[in-house]
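The data block below is start_4.txt; it holds compact mmCIF, C-alpha atoms.
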```
# COMPACT_ATOMS: atom_id res chain seq x y z
CA MET A 484 12.28 19.36 16.16
CA GLN A 485 9.26 18.66 14.00
CA VAL A 486 10.88 17.78 10.69
CA LEU A 487 7.66 17.14 8.79
CA PRO A 488 4.87 19.68 8.37
CA GLU A 489 1.50 18.60 9.71
CA PRO A 490 -0.23 17.78 6.37
CA ILE A 491 2.51 15.23 5.65
CA GLN A 492 2.27 13.67 9.09
CA LYS A 493 -1.51 13.49 8.78
CA LEU A 494 -1.42 11.69 5.44
CA THR A 495 1.33 9.32 6.59
CA ALA A 496 -0.73 8.46 9.67
CA ALA A 497 -3.85 7.90 7.54
CA PHE A 498 -1.98 5.52 5.23
CA GLU A 499 -0.54 3.65 8.19
CA ARG A 500 -4.02 2.74 9.37
CA LEU A 501 -4.53 0.62 6.24
CA PRO A 502 -3.73 -3.08 6.47
CA GLY A 503 -0.30 -4.11 5.21
CA ILE A 504 1.02 -0.53 5.13
CA GLY A 505 3.78 0.17 7.63
CA PRO A 506 5.53 3.44 8.50
CA LYS A 507 8.04 3.15 5.64
CA THR A 508 5.47 2.44 2.93
CA ALA A 509 3.25 5.20 4.32
CA SER A 510 6.11 7.72 4.05
CA ARG A 511 7.00 6.51 0.57
CA LEU A 512 3.40 6.89 -0.65
CA THR A 513 3.11 10.37 0.88
CA PHE A 514 6.33 11.65 -0.68
CA TYR A 515 5.40 10.04 -3.98
CA LEU A 516 2.10 11.95 -3.98
CA LEU A 517 3.91 15.20 -3.12
CA ARG A 518 6.01 14.79 -6.27
CA ALA A 519 3.24 13.42 -8.48
CA ALA A 520 0.61 15.35 -10.43
CA ASP A 521 -2.14 16.88 -8.29
CA GLU A 522 -4.85 14.77 -9.94
CA ILE A 523 -3.37 11.55 -8.60
CA SER A 524 -4.02 12.52 -4.99
CA LEU A 525 -7.27 14.34 -5.78
CA ASP A 526 -8.71 11.37 -7.73
CA LEU A 527 -7.88 9.12 -4.81
CA ALA A 528 -9.49 11.59 -2.37
CA ASP A 529 -12.65 11.72 -4.51
CA ALA A 530 -12.89 7.96 -4.82
CA LEU A 531 -12.48 7.57 -1.06
CA ALA A 532 -15.13 10.16 -0.29
CA GLN A 533 -17.62 8.45 -2.63
CA LEU A 534 -16.87 4.88 -1.54
CA LYS A 535 -19.42 4.65 1.24
CA SER A 536 -22.00 7.14 -0.01
CA GLN A 537 -22.33 5.56 -3.45
CA THR A 538 -22.43 1.90 -2.51
CA SER A 539 -24.91 -0.25 -0.65
CA LEU A 540 -25.65 -3.93 -0.10
CA CYS A 541 -27.66 -6.04 -2.54
CA GLN A 542 -30.91 -6.95 -0.77
CA THR A 543 -30.77 -10.51 -2.11
CA CYS A 544 -27.17 -11.71 -1.75
CA PHE A 545 -25.61 -8.86 0.32
CA ASN A 546 -22.82 -8.30 -2.17
CA ILE A 547 -21.73 -4.67 -2.68
CA THR A 548 -23.76 -2.80 -5.27
CA ARG A 549 -24.30 0.78 -6.41
CA ALA A 550 -26.34 2.92 -4.00
CA GLY A 551 -30.02 2.98 -4.96
CA GLN A 552 -29.90 -0.40 -6.68
CA GLU A 553 -31.88 -3.06 -4.83
CA GLN A 554 -30.10 -5.93 -6.52
CA CYS A 555 -26.50 -6.39 -7.64
CA GLU A 556 -25.65 -7.20 -11.26
CA ILE A 557 -25.33 -10.90 -10.53
CA CYS A 558 -28.67 -11.24 -8.75
CA ALA A 559 -30.41 -9.14 -11.41
CA SER A 560 -28.97 -11.18 -14.26
CA GLY A 561 -31.12 -13.75 -16.05
CA GLN A 562 -28.02 -15.56 -17.29
CA ARG A 563 -27.06 -17.29 -14.05
CA ASP A 564 -27.76 -20.83 -12.87
CA ASP A 565 -30.56 -20.72 -10.28
CA SER A 566 -29.82 -24.22 -9.02
CA LEU A 567 -26.39 -23.34 -7.57
CA LEU A 568 -25.70 -21.14 -4.56
CA CYS A 569 -22.21 -20.22 -3.37
CA VAL A 570 -21.90 -18.90 0.20
CA VAL A 571 -18.84 -16.72 0.87
CA GLU A 572 -17.51 -14.68 3.78
CA GLU A 573 -16.81 -11.33 2.12
CA PRO A 574 -17.70 -9.34 -1.02
CA MET A 575 -14.12 -9.67 -2.22
CA ASP A 576 -14.55 -13.47 -2.34
CA VAL A 577 -17.28 -12.96 -4.98
CA LEU A 578 -14.79 -11.02 -7.08
CA MET A 579 -12.15 -13.74 -6.73
CA LEU A 580 -14.59 -16.49 -7.73
CA GLU A 581 -15.96 -14.45 -10.66
CA ARG A 582 -12.40 -14.00 -11.95
CA THR A 583 -12.02 -17.77 -12.24
CA ALA A 584 -15.00 -17.77 -14.66
CA GLY A 585 -15.70 -21.24 -13.27
CA PHE A 586 -18.92 -20.54 -11.38
CA HIS A 587 -22.17 -19.39 -12.95
CA GLY A 588 -24.65 -19.72 -10.10
CA ARG A 589 -25.77 -17.24 -7.45
CA TYR A 590 -23.91 -15.94 -4.42
CA HIS A 591 -24.68 -15.21 -0.80
CA VAL A 592 -22.30 -13.03 1.24
CA LEU A 593 -22.24 -13.70 4.99
CA HIS A 594 -20.18 -10.61 5.90
CA GLY A 595 -17.98 -12.47 8.33
CA VAL A 596 -17.64 -15.80 10.10
CA LEU A 597 -18.82 -17.15 13.41
CA SER A 598 -16.26 -16.30 16.07
CA PRO A 599 -17.14 -16.83 19.73
CA ILE A 600 -13.88 -15.13 20.77
CA GLU A 601 -14.85 -11.91 19.00
CA GLY A 602 -18.47 -12.32 20.06
CA ILE A 603 -19.77 -12.86 16.52
CA GLY A 604 -22.79 -15.19 16.53
CA PRO A 605 -25.24 -16.31 13.81
CA SER A 606 -27.40 -13.19 14.19
CA ASP A 607 -24.41 -10.95 13.34
CA LEU A 608 -24.10 -12.59 9.91
CA LYS A 609 -26.53 -12.85 6.98
CA ILE A 610 -27.47 -16.39 7.99
CA ALA A 611 -31.23 -16.00 8.57
CA ALA A 612 -31.52 -14.53 5.06
CA LEU A 613 -29.50 -17.46 3.66
CA ILE A 614 -31.78 -20.03 5.27
CA GLU A 615 -34.83 -18.21 3.95
CA ARG A 616 -33.32 -18.09 0.44
CA VAL A 617 -32.61 -21.83 0.47
CA ARG A 618 -36.09 -22.57 1.86
CA ALA A 619 -37.87 -20.45 -0.74
CA GLY A 620 -35.55 -21.12 -3.71
CA ASN A 621 -34.93 -24.03 -6.04
CA PHE A 622 -31.27 -24.58 -5.26
CA GLN A 623 -29.98 -28.08 -5.83
CA GLU A 624 -26.53 -27.43 -4.40
CA VAL A 625 -25.15 -24.99 -1.83
CA ILE A 626 -21.36 -24.56 -1.93
CA LEU A 627 -20.10 -23.40 1.47
CA ALA A 628 -17.07 -21.43 0.25
CA THR A 629 -16.01 -19.97 3.58
CA ASN A 630 -12.23 -19.88 4.11
CA PRO A 631 -10.38 -23.11 4.91
CA SER A 632 -9.61 -21.71 8.38
CA MET A 633 -10.83 -22.76 11.81
CA GLU A 634 -13.58 -20.13 11.85
CA GLY A 635 -14.49 -20.80 8.21
CA ASP A 636 -14.79 -24.51 8.91
CA ALA A 637 -16.86 -23.93 12.06
CA THR A 638 -19.18 -21.59 10.15
CA ALA A 639 -19.57 -24.14 7.35
CA LEU A 640 -20.37 -26.85 9.90
CA TYR A 641 -23.02 -24.65 11.50
CA LEU A 642 -24.56 -23.80 8.12
CA HIS A 643 -24.50 -27.48 7.16
CA GLN A 644 -26.63 -28.27 10.23
CA GLN A 645 -29.00 -25.38 9.57
CA LEU A 646 -29.50 -26.31 5.92
CA ALA A 647 -29.86 -30.07 6.50
CA PRO A 648 -33.72 -29.98 6.57
CA PHE A 649 -33.90 -28.66 3.01
CA HIS A 650 -32.58 -31.78 1.24
CA VAL A 651 -30.15 -29.80 -0.84
CA ARG A 652 -26.66 -31.05 -1.72
CA ILE A 653 -24.11 -29.22 0.44
CA THR A 654 -20.44 -29.04 -0.61
CA ARG A 655 -17.13 -27.43 0.46
CA LEU A 656 -14.33 -26.27 -1.86
CA ALA A 657 -11.60 -28.87 -2.42
CA ARG A 658 -8.40 -28.70 -0.38
CA GLY A 659 -5.01 -29.79 -1.55
CA LEU A 660 -1.81 -28.48 -3.02
CA PRO A 661 -2.12 -25.04 -4.64
CA VAL A 662 -1.53 -25.08 -8.40
CA GLY A 663 2.11 -24.26 -9.13
CA GLY A 664 2.93 -25.11 -5.51
CA ASP A 665 5.72 -27.28 -4.24
CA LEU A 666 5.36 -30.39 -2.06
CA GLU A 667 8.48 -29.34 -0.18
CA TYR A 668 6.85 -26.14 1.06
CA ALA A 669 3.36 -27.48 1.74
CA ASP A 670 2.36 -27.57 5.39
CA GLN A 671 1.53 -30.90 6.99
CA ASN A 672 -2.24 -30.36 7.10
CA THR A 673 -2.47 -29.36 3.46
CA LEU A 674 -0.41 -32.37 2.42
CA LEU A 675 -2.61 -34.65 4.54
CA ARG A 676 -5.73 -33.25 2.84
CA ALA A 677 -4.13 -33.55 -0.59
CA LEU A 678 -3.33 -37.19 0.13
CA ALA A 679 -6.78 -37.98 1.50
CA GLY A 680 -8.47 -36.28 -1.45
CA ARG A 681 -6.28 -37.85 -4.15
CA GLN A 682 -7.99 -38.42 -7.47
CA ASN A 683 -7.73 -40.85 -10.39
CA MET A 684 -5.67 -39.60 -13.29
CA SER A 685 -7.70 -39.26 -16.42
CA GLY A 686 -6.52 -39.92 -19.95
CA MET B 741 -20.92 -8.77 -16.41
CA GLN B 742 -19.72 -5.88 -14.31
CA VAL B 743 -19.26 -7.54 -10.96
CA LEU B 744 -18.08 -4.46 -9.10
CA PRO B 745 -20.03 -1.20 -8.83
CA GLU B 746 -18.27 1.84 -10.23
CA PRO B 747 -17.21 3.48 -6.92
CA ILE B 748 -15.27 0.33 -6.04
CA GLN B 749 -13.60 0.15 -9.44
CA LYS B 750 -12.68 3.82 -9.23
CA LEU B 751 -11.03 3.50 -5.83
CA THR B 752 -9.21 0.32 -6.83
CA ALA B 753 -7.88 2.07 -9.94
CA ALA B 754 -6.78 5.09 -7.88
CA PHE B 755 -4.88 2.86 -5.44
CA GLU B 756 -3.25 0.98 -8.32
CA ARG B 757 -1.64 4.19 -9.55
CA LEU B 758 0.44 4.38 -6.36
CA PRO B 759 3.94 2.87 -6.45
CA GLY B 760 4.23 -0.64 -5.07
CA ILE B 761 0.47 -1.24 -5.06
CA GLY B 762 -0.68 -3.88 -7.52
CA PRO B 763 -4.21 -5.00 -8.43
CA LYS B 764 -4.48 -7.45 -5.51
CA THR B 765 -3.35 -4.97 -2.85
CA ALA B 766 -5.60 -2.30 -4.38
CA SER B 767 -8.63 -4.61 -4.11
CA ARG B 768 -7.71 -5.60 -0.59
CA LEU B 769 -7.41 -1.97 0.53
CA THR B 770 -10.72 -1.07 -1.11
CA PHE B 771 -12.64 -3.92 0.48
CA TYR B 772 -10.98 -3.20 3.80
CA LEU B 773 -12.20 0.41 3.65
CA LEU B 774 -15.71 -0.78 2.75
CA ARG B 775 -15.81 -2.81 5.95
CA ALA B 776 -13.99 -0.29 8.14
CA ALA B 777 -15.44 2.72 9.96
CA ASP B 778 -16.34 5.67 7.70
CA GLU B 779 -13.79 7.94 9.34
CA ILE B 780 -10.87 5.83 8.14
CA SER B 781 -11.61 6.55 4.47
CA LEU B 782 -12.79 10.12 5.14
CA ASP B 783 -9.64 11.00 7.14
CA LEU B 784 -7.52 9.67 4.31
CA ALA B 785 -9.55 11.64 1.74
CA ASP B 786 -9.13 14.83 3.80
CA ALA B 787 -5.40 14.36 4.23
CA LEU B 788 -5.01 13.76 0.49
CA ALA B 789 -7.01 16.84 -0.43
CA GLN B 790 -4.91 19.01 1.89
CA LEU B 791 -1.54 17.56 0.95
CA LYS B 792 -0.74 19.94 -1.90
CA SER B 793 -2.71 22.99 -0.81
CA GLN B 794 -1.20 23.10 2.69
CA THR B 795 2.44 22.47 1.88
CA SER B 796 5.08 24.42 0.01
CA LEU B 797 8.85 24.41 -0.43
CA CYS B 798 11.24 26.05 2.03
CA GLN B 799 12.81 29.00 0.21
CA THR B 800 16.24 28.21 1.66
CA CYS B 801 16.72 24.42 1.41
CA PHE B 802 13.68 23.40 -0.68
CA ASN B 803 12.51 20.84 1.86
CA ILE B 804 8.74 20.50 2.27
CA THR B 805 7.23 22.94 4.75
CA ARG B 806 3.80 24.20 5.75
CA ALA B 807 2.16 26.54 3.22
CA GLY B 808 2.80 30.20 4.09
CA GLN B 809 6.05 29.48 5.94
CA GLU B 810 9.07 30.83 4.12
CA GLN B 811 11.51 28.57 5.95
CA CYS B 812 11.21 24.99 7.18
CA GLU B 813 11.73 24.12 10.84
CA ILE B 814 15.32 23.04 10.23
CA CYS B 815 16.36 26.21 8.38
CA ALA B 816 14.57 28.40 10.94
CA SER B 817 16.22 26.67 13.88
CA GLY B 818 19.11 28.35 15.69
CA GLN B 819 20.25 24.98 17.07
CA ARG B 820 21.85 23.60 13.89
CA ASP B 821 25.48 23.56 12.83
CA ASP B 822 26.00 26.26 10.16
CA SER B 823 29.31 24.81 9.02
CA LEU B 824 27.82 21.57 7.64
CA LEU B 825 25.60 21.24 4.58
CA CYS B 826 24.06 17.97 3.44
CA VAL B 827 22.79 17.79 -0.16
CA VAL B 828 20.07 15.20 -0.82
CA GLU B 829 17.88 14.21 -3.77
CA GLU B 830 14.41 14.22 -2.20
CA PRO B 831 12.57 15.60 0.85
CA MET B 832 12.16 12.05 2.15
CA ASP B 833 15.95 11.74 2.39
CA VAL B 834 15.94 14.59 4.94
CA LEU B 835 13.49 12.58 7.04
CA MET B 836 15.65 9.46 6.83
CA LEU B 837 18.79 11.36 7.86
CA GLU B 838 16.98 13.16 10.69
CA ARG B 839 15.83 9.81 12.04
CA THR B 840 19.44 8.71 12.47
CA ALA B 841 19.96 11.71 14.81
CA GLY B 842 23.56 11.69 13.53
CA PHE B 843 23.53 14.91 11.53
CA HIS B 844 22.99 18.36 12.96
CA GLY B 845 23.88 20.66 10.08
CA ARG B 846 21.72 22.17 7.34
CA TYR B 847 20.16 20.50 4.30
CA HIS B 848 19.70 21.26 0.64
CA VAL B 849 17.14 19.31 -1.40
CA LEU B 850 17.88 19.01 -5.13
CA HIS B 851 14.46 17.56 -6.08
CA GLY B 852 15.93 14.97 -8.40
CA VAL B 853 19.17 13.92 -10.07
CA LEU B 854 20.81 14.73 -13.36
CA SER B 855 19.53 12.32 -15.99
CA PRO B 856 20.34 12.96 -19.65
CA ILE B 857 18.06 10.06 -20.65
CA GLU B 858 15.05 11.70 -19.00
CA GLY B 859 16.19 15.14 -20.13
CA ILE B 860 16.87 16.40 -16.63
CA GLY B 861 19.73 18.91 -16.62
CA PRO B 862 21.26 21.19 -13.93
CA SER B 863 18.62 23.90 -14.46
CA ASP B 864 15.82 21.43 -13.59
CA LEU B 865 17.29 20.90 -10.13
CA LYS B 866 17.93 23.32 -7.24
CA ILE B 867 21.61 23.52 -8.18
CA ALA B 868 21.97 27.26 -8.84
CA ALA B 869 20.51 27.95 -5.40
CA LEU B 870 22.93 25.45 -3.86
CA ILE B 871 25.95 27.13 -5.44
CA GLU B 872 24.71 30.50 -4.25
CA ARG B 873 24.22 29.13 -0.70
CA VAL B 874 27.74 27.72 -0.60
CA ARG B 875 29.19 30.94 -2.05
CA ALA B 876 27.39 33.18 0.44
CA GLY B 877 27.52 30.88 3.49
CA ASN B 878 30.19 29.76 5.94
CA PHE B 879 30.03 26.04 5.25
CA GLN B 880 33.21 24.11 5.95
CA GLU B 881 31.93 20.82 4.58
CA VAL B 882 29.36 19.87 1.97
CA ILE B 883 28.18 16.23 2.15
CA LEU B 884 26.89 15.12 -1.25
CA ALA B 885 24.34 12.58 -0.01
CA THR B 886 22.76 11.71 -3.36
CA ASN B 887 21.95 8.02 -3.82
CA PRO B 888 24.78 5.55 -4.46
CA SER B 889 23.35 4.96 -7.95
CA MET B 890 24.72 5.85 -11.38
CA GLU B 891 22.65 9.05 -11.56
CA GLY B 892 23.39 9.92 -7.93
CA ASP B 893 27.13 9.47 -8.53
CA ALA B 894 27.04 11.53 -11.75
CA THR B 895 25.15 14.32 -9.98
CA ALA B 896 27.66 14.29 -7.10
CA LEU B 897 30.53 14.46 -9.58
CA TYR B 898 28.93 17.45 -11.32
CA LEU B 899 28.31 19.22 -8.00
CA HIS B 900 31.88 18.49 -6.93
CA GLN B 901 33.14 20.33 -10.03
CA GLN B 902 30.75 23.23 -9.49
CA LEU B 903 31.67 23.65 -5.83
CA ALA B 904 35.44 23.28 -6.31
CA PRO B 905 36.10 27.06 -6.48
CA PHE B 906 34.76 27.60 -2.96
CA HIS B 907 37.53 25.75 -1.05
CA VAL B 908 35.06 23.81 1.01
CA ARG B 909 35.57 20.17 2.00
CA ILE B 910 33.34 17.95 -0.15
CA THR B 911 32.42 14.42 0.98
CA ARG B 912 30.25 11.48 -0.06
CA LEU B 913 28.50 9.02 2.30
CA ALA B 914 30.52 5.86 3.00
CA ARG B 915 29.76 2.70 1.04
CA GLY B 916 30.11 -0.80 2.35
CA LEU B 917 28.15 -3.64 3.83
CA PRO B 918 24.80 -2.63 5.32
CA VAL B 919 24.66 -3.09 9.09
CA GLY B 920 23.13 -6.47 9.90
CA GLY B 921 23.89 -7.55 6.35
CA ASP B 922 25.50 -10.75 5.22
CA LEU B 923 28.66 -11.06 3.13
CA GLU B 924 27.08 -13.97 1.32
CA TYR B 925 24.28 -11.80 -0.05
CA ALA B 926 26.28 -8.65 -0.79
CA ASP B 927 26.65 -7.80 -4.47
CA GLN B 928 30.13 -7.69 -6.00
CA ASN B 929 30.32 -3.90 -6.21
CA THR B 930 29.30 -3.35 -2.62
CA LEU B 931 31.83 -5.93 -1.44
CA LEU B 932 34.53 -4.28 -3.55
CA ARG B 933 33.72 -0.89 -1.98
CA ALA B 934 33.64 -2.40 1.51
CA LEU B 935 37.07 -3.92 0.90
CA ALA B 936 38.55 -0.71 -0.52
CA GLY B 937 37.12 1.35 2.35
CA ARG B 938 38.20 -1.04 5.13
CA GLN B 939 39.01 0.62 8.42
CA ASN B 940 41.28 -0.02 11.40
CA MET B 941 39.62 -1.72 14.31
CA SER B 942 39.57 0.45 17.39
CA GLY B 943 39.92 -0.67 20.97
```
Whole structure, structure tokens version:
Amino acid sequence: MQVLPEPIQKLTAAFERLPGIGPKTASRLTFYLLRAADEISLDLADALAQLKSQTSLCQTCFNITRAGQEQCEICASGQRDDSLLCVVEEPMDVLMLERTAGFHGRYHVLHGVLSPIEGIGPSDLKIAALIERVRAGNFQEVILATNPSMEGDATALYLHQQLAPFHVRITRLARGLPVGGDLEYADQNTLLRALAGRQNMSG
Amino acid sequence: MQVLPEPIQKLTAAFERLPGIGPKTASRLTFYLLRAADEISLDLADALAQLKSQTSLCQTCFNITRAGQEQCEICASGQRDDSLLCVVEEPMDVLMLERTAGFHGRYHVLHGVLSPIEGIGPSDLKIAALIERVRAGNFQEVILATNPSMEGDATALYLHQQLAPFHVRITRLARGLPVGGDLEYADQNTLLRALAGRQNMSG
């Protein structure tokens, strides 16, 4: 017996395709929307339909920007530090770094990492454009802020080699214990890096 | 500075209105959809737009059914036990019970519970229709499967009083330790109910 009418099954299936949403959460969201005001599901439907058609990539840093805009807000701004470039994997990383309010330079979004297993090589990422930007620009430091994962490290290593001719300072984000973390729960590698990177106490 | 273009902010905000989805999950879903194939967001948008317009309530049990159908699949089926009626709070509860494959009677969906605090009284729920069904039908047992919460219990108590004149057996779902659960983590009330409802071992 088909207990659920097709529209419900369709929406549940569509939710289940999203990362981190399993069958139970998908059902709960669907039945919540059934009960909730119409505008909640219709607003979400609208926003989804417009997501791709109304966004594009910034032609300078490849961050997400409004469709029709050649440059994103950060690249277009005159308030940013032109001597600092931060290279990240994904557009969401830009958002996370901006939220810290601790970086005021420019960004470059690679849109992925090198991954021989998945067949992703340098030409699949925005690496040629990065090299050209560093060649043509006046950057004094390039922060390779790819993830502290195997692929992120390998990508940073590759970029380090490619950028070596430009005599620019190249850095990686610090590794160590997360703020608010607990030594007891830190994995061995993180603890090793925290130990190796220990710093003088000030004050 | 507005780091994110408006379409992204709009979708993130729409996701955040769903239960259990916070700002971080909303961002993650949005950026996932940006990267993913167009059809994933468009399918979801379609399913959302059709959710309300293509569903309606079964005129017998008030479960969700396809628009234009007077009765849901369960009510229309000739294969169900007409002597058993299970009363639940929400359409999703029907789904959960059907998944157990342990109940083969009919359902009645109240669409909520009595809640004086939120101003929800008997006339806001499908209670009059329930009483009429029990009066007119041949049910031998009515299972009041509202949640084991304060409101669920109060609603069951009210229904018990209302259904008393019909000389039908009225039951509640058993309470006790969840299967696979751990005595150590059970709350006091659950343990008390498990103790009071202890059963002879068979075999």
Could the residues of range 533-560 of chain A that have an atom at most 12 Å from range 578-581 of chain A be listed as JSON lines, each with its closest atom pair and the distance in Å to one decimal, counting all atoms listed in the file and ordered by chain and ascending residue number?
```
{"residue": "A:Asn546", "atom": "CA", "partner": "A:Leu578", "partner_atom": "CA", "distance": 9.8}
{"residue": "A:Ile547", "atom": "CA", "partner": "A:Leu578", "partner_atom": "CA", "distance": 10.4}
{"residue": "A:Ile557", "atom": "CA", "partner": "A:Glu581", "partner_atom": "CA", "distance": 10.0}
```
Write out the residues from the selection above, keeping C-alpha atoms, as a short mmCIF file (atom, residue, chain, number, x, y, z; two decimals), keeping the file's coordinate frame.
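The resulting file, result.cif, is reproduced below:
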```cif
data_model
loop_
_atom_site.label_atom_id
_atom_site.label_comp_id
_atom_site.auth_asym_id
_atom_site.auth_seq_id
_atom_site.Cartn_x
_atom_site.Cartn_y
_atom_site.Cartn_z
CA ASN A 546 -22.82 -8.30 -2.17
CA ILE A 547 -21.73 -4.67 -2.68
CA ILE A 557 -25.33 -10.90 -10.53
#
```
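Between Val908 in chain B and the residues B:Glu924, B:Glu779, B:Glu881, B:Glu829, the shortest atom-to-atom distance, using all atoms listed in the file, involves B:Glu881.
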Within 6 Å of chain B, which residues of chain A come that close, and what is the closest atom pair and distance in Å for each? Count all atoms listed in the file and give it as a tab-separated table.
```
residue	atom	partner	partner_atom	distance
A:Pro488	CA	B:Arg806	CA	5.3
A:Pro490	CA	B:Leu791	CA	5.6
A:Leu494	CA	B:Ala787	CA	4.9
A:Ala497	CA	B:Leu784	CA	5.2
A:Ser524	CA	B:Leu788	CA	5.7
A:Leu525	CA	B:Ala789	CA	5.9
A:Leu527	CA	B:Ala754	CA	5.2
A:Ala528	CA	B:Ala785	CA	4.1
A:Ala530	CA	B:Leu751	CA	4.9
A:Leu531	CA	B:Ser781	CA	5.7
A:Ala532	CA	B:Leu782	CA	5.9
A:Leu534	CA	B:Pro747	CA	5.6
A:Thr548	CA	B:Pro745	CA	5.4
A:Arg549	CA	B:Pro745	CA	5.3
```
If we count all atoms listed in the file and set the cut-off at 12 Å, which residues sit around Phe879 in chain B, ignoring sequence neighbours fewer than 3 positions away in its own chain? Please answer as a ChimeraX atom specification. /B:821-826,845-847,870-876,882-883,903,906-910
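Atom pair CA of Pro648 in chain A / CA of Cys541 in chain A: separated by 26.3 Å.
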Within 9 Å of Ala628 in chain A using only C-alpha atoms, minus same-chain residues under 5 positions, as an NGL selection string: :A and (569-572 or 576 or 635 or 639 or 654-656)
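Interatomic distance, CA of Glu810 in chain B to CA of Ala904 in chain B: 29.3 Å.
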Please report the interatomic distance between CA of Ala612 in chain A and CA of Ala637 in chain A in Å with one decimal. 18.8 Å
May I have the residues within 10 Å of range 934-943 of chain B as a ChimeraX atom specification, using only C-alpha atoms and disregarding those fewer than 2 positions away in the same chain? /B:914-918,926,928-932
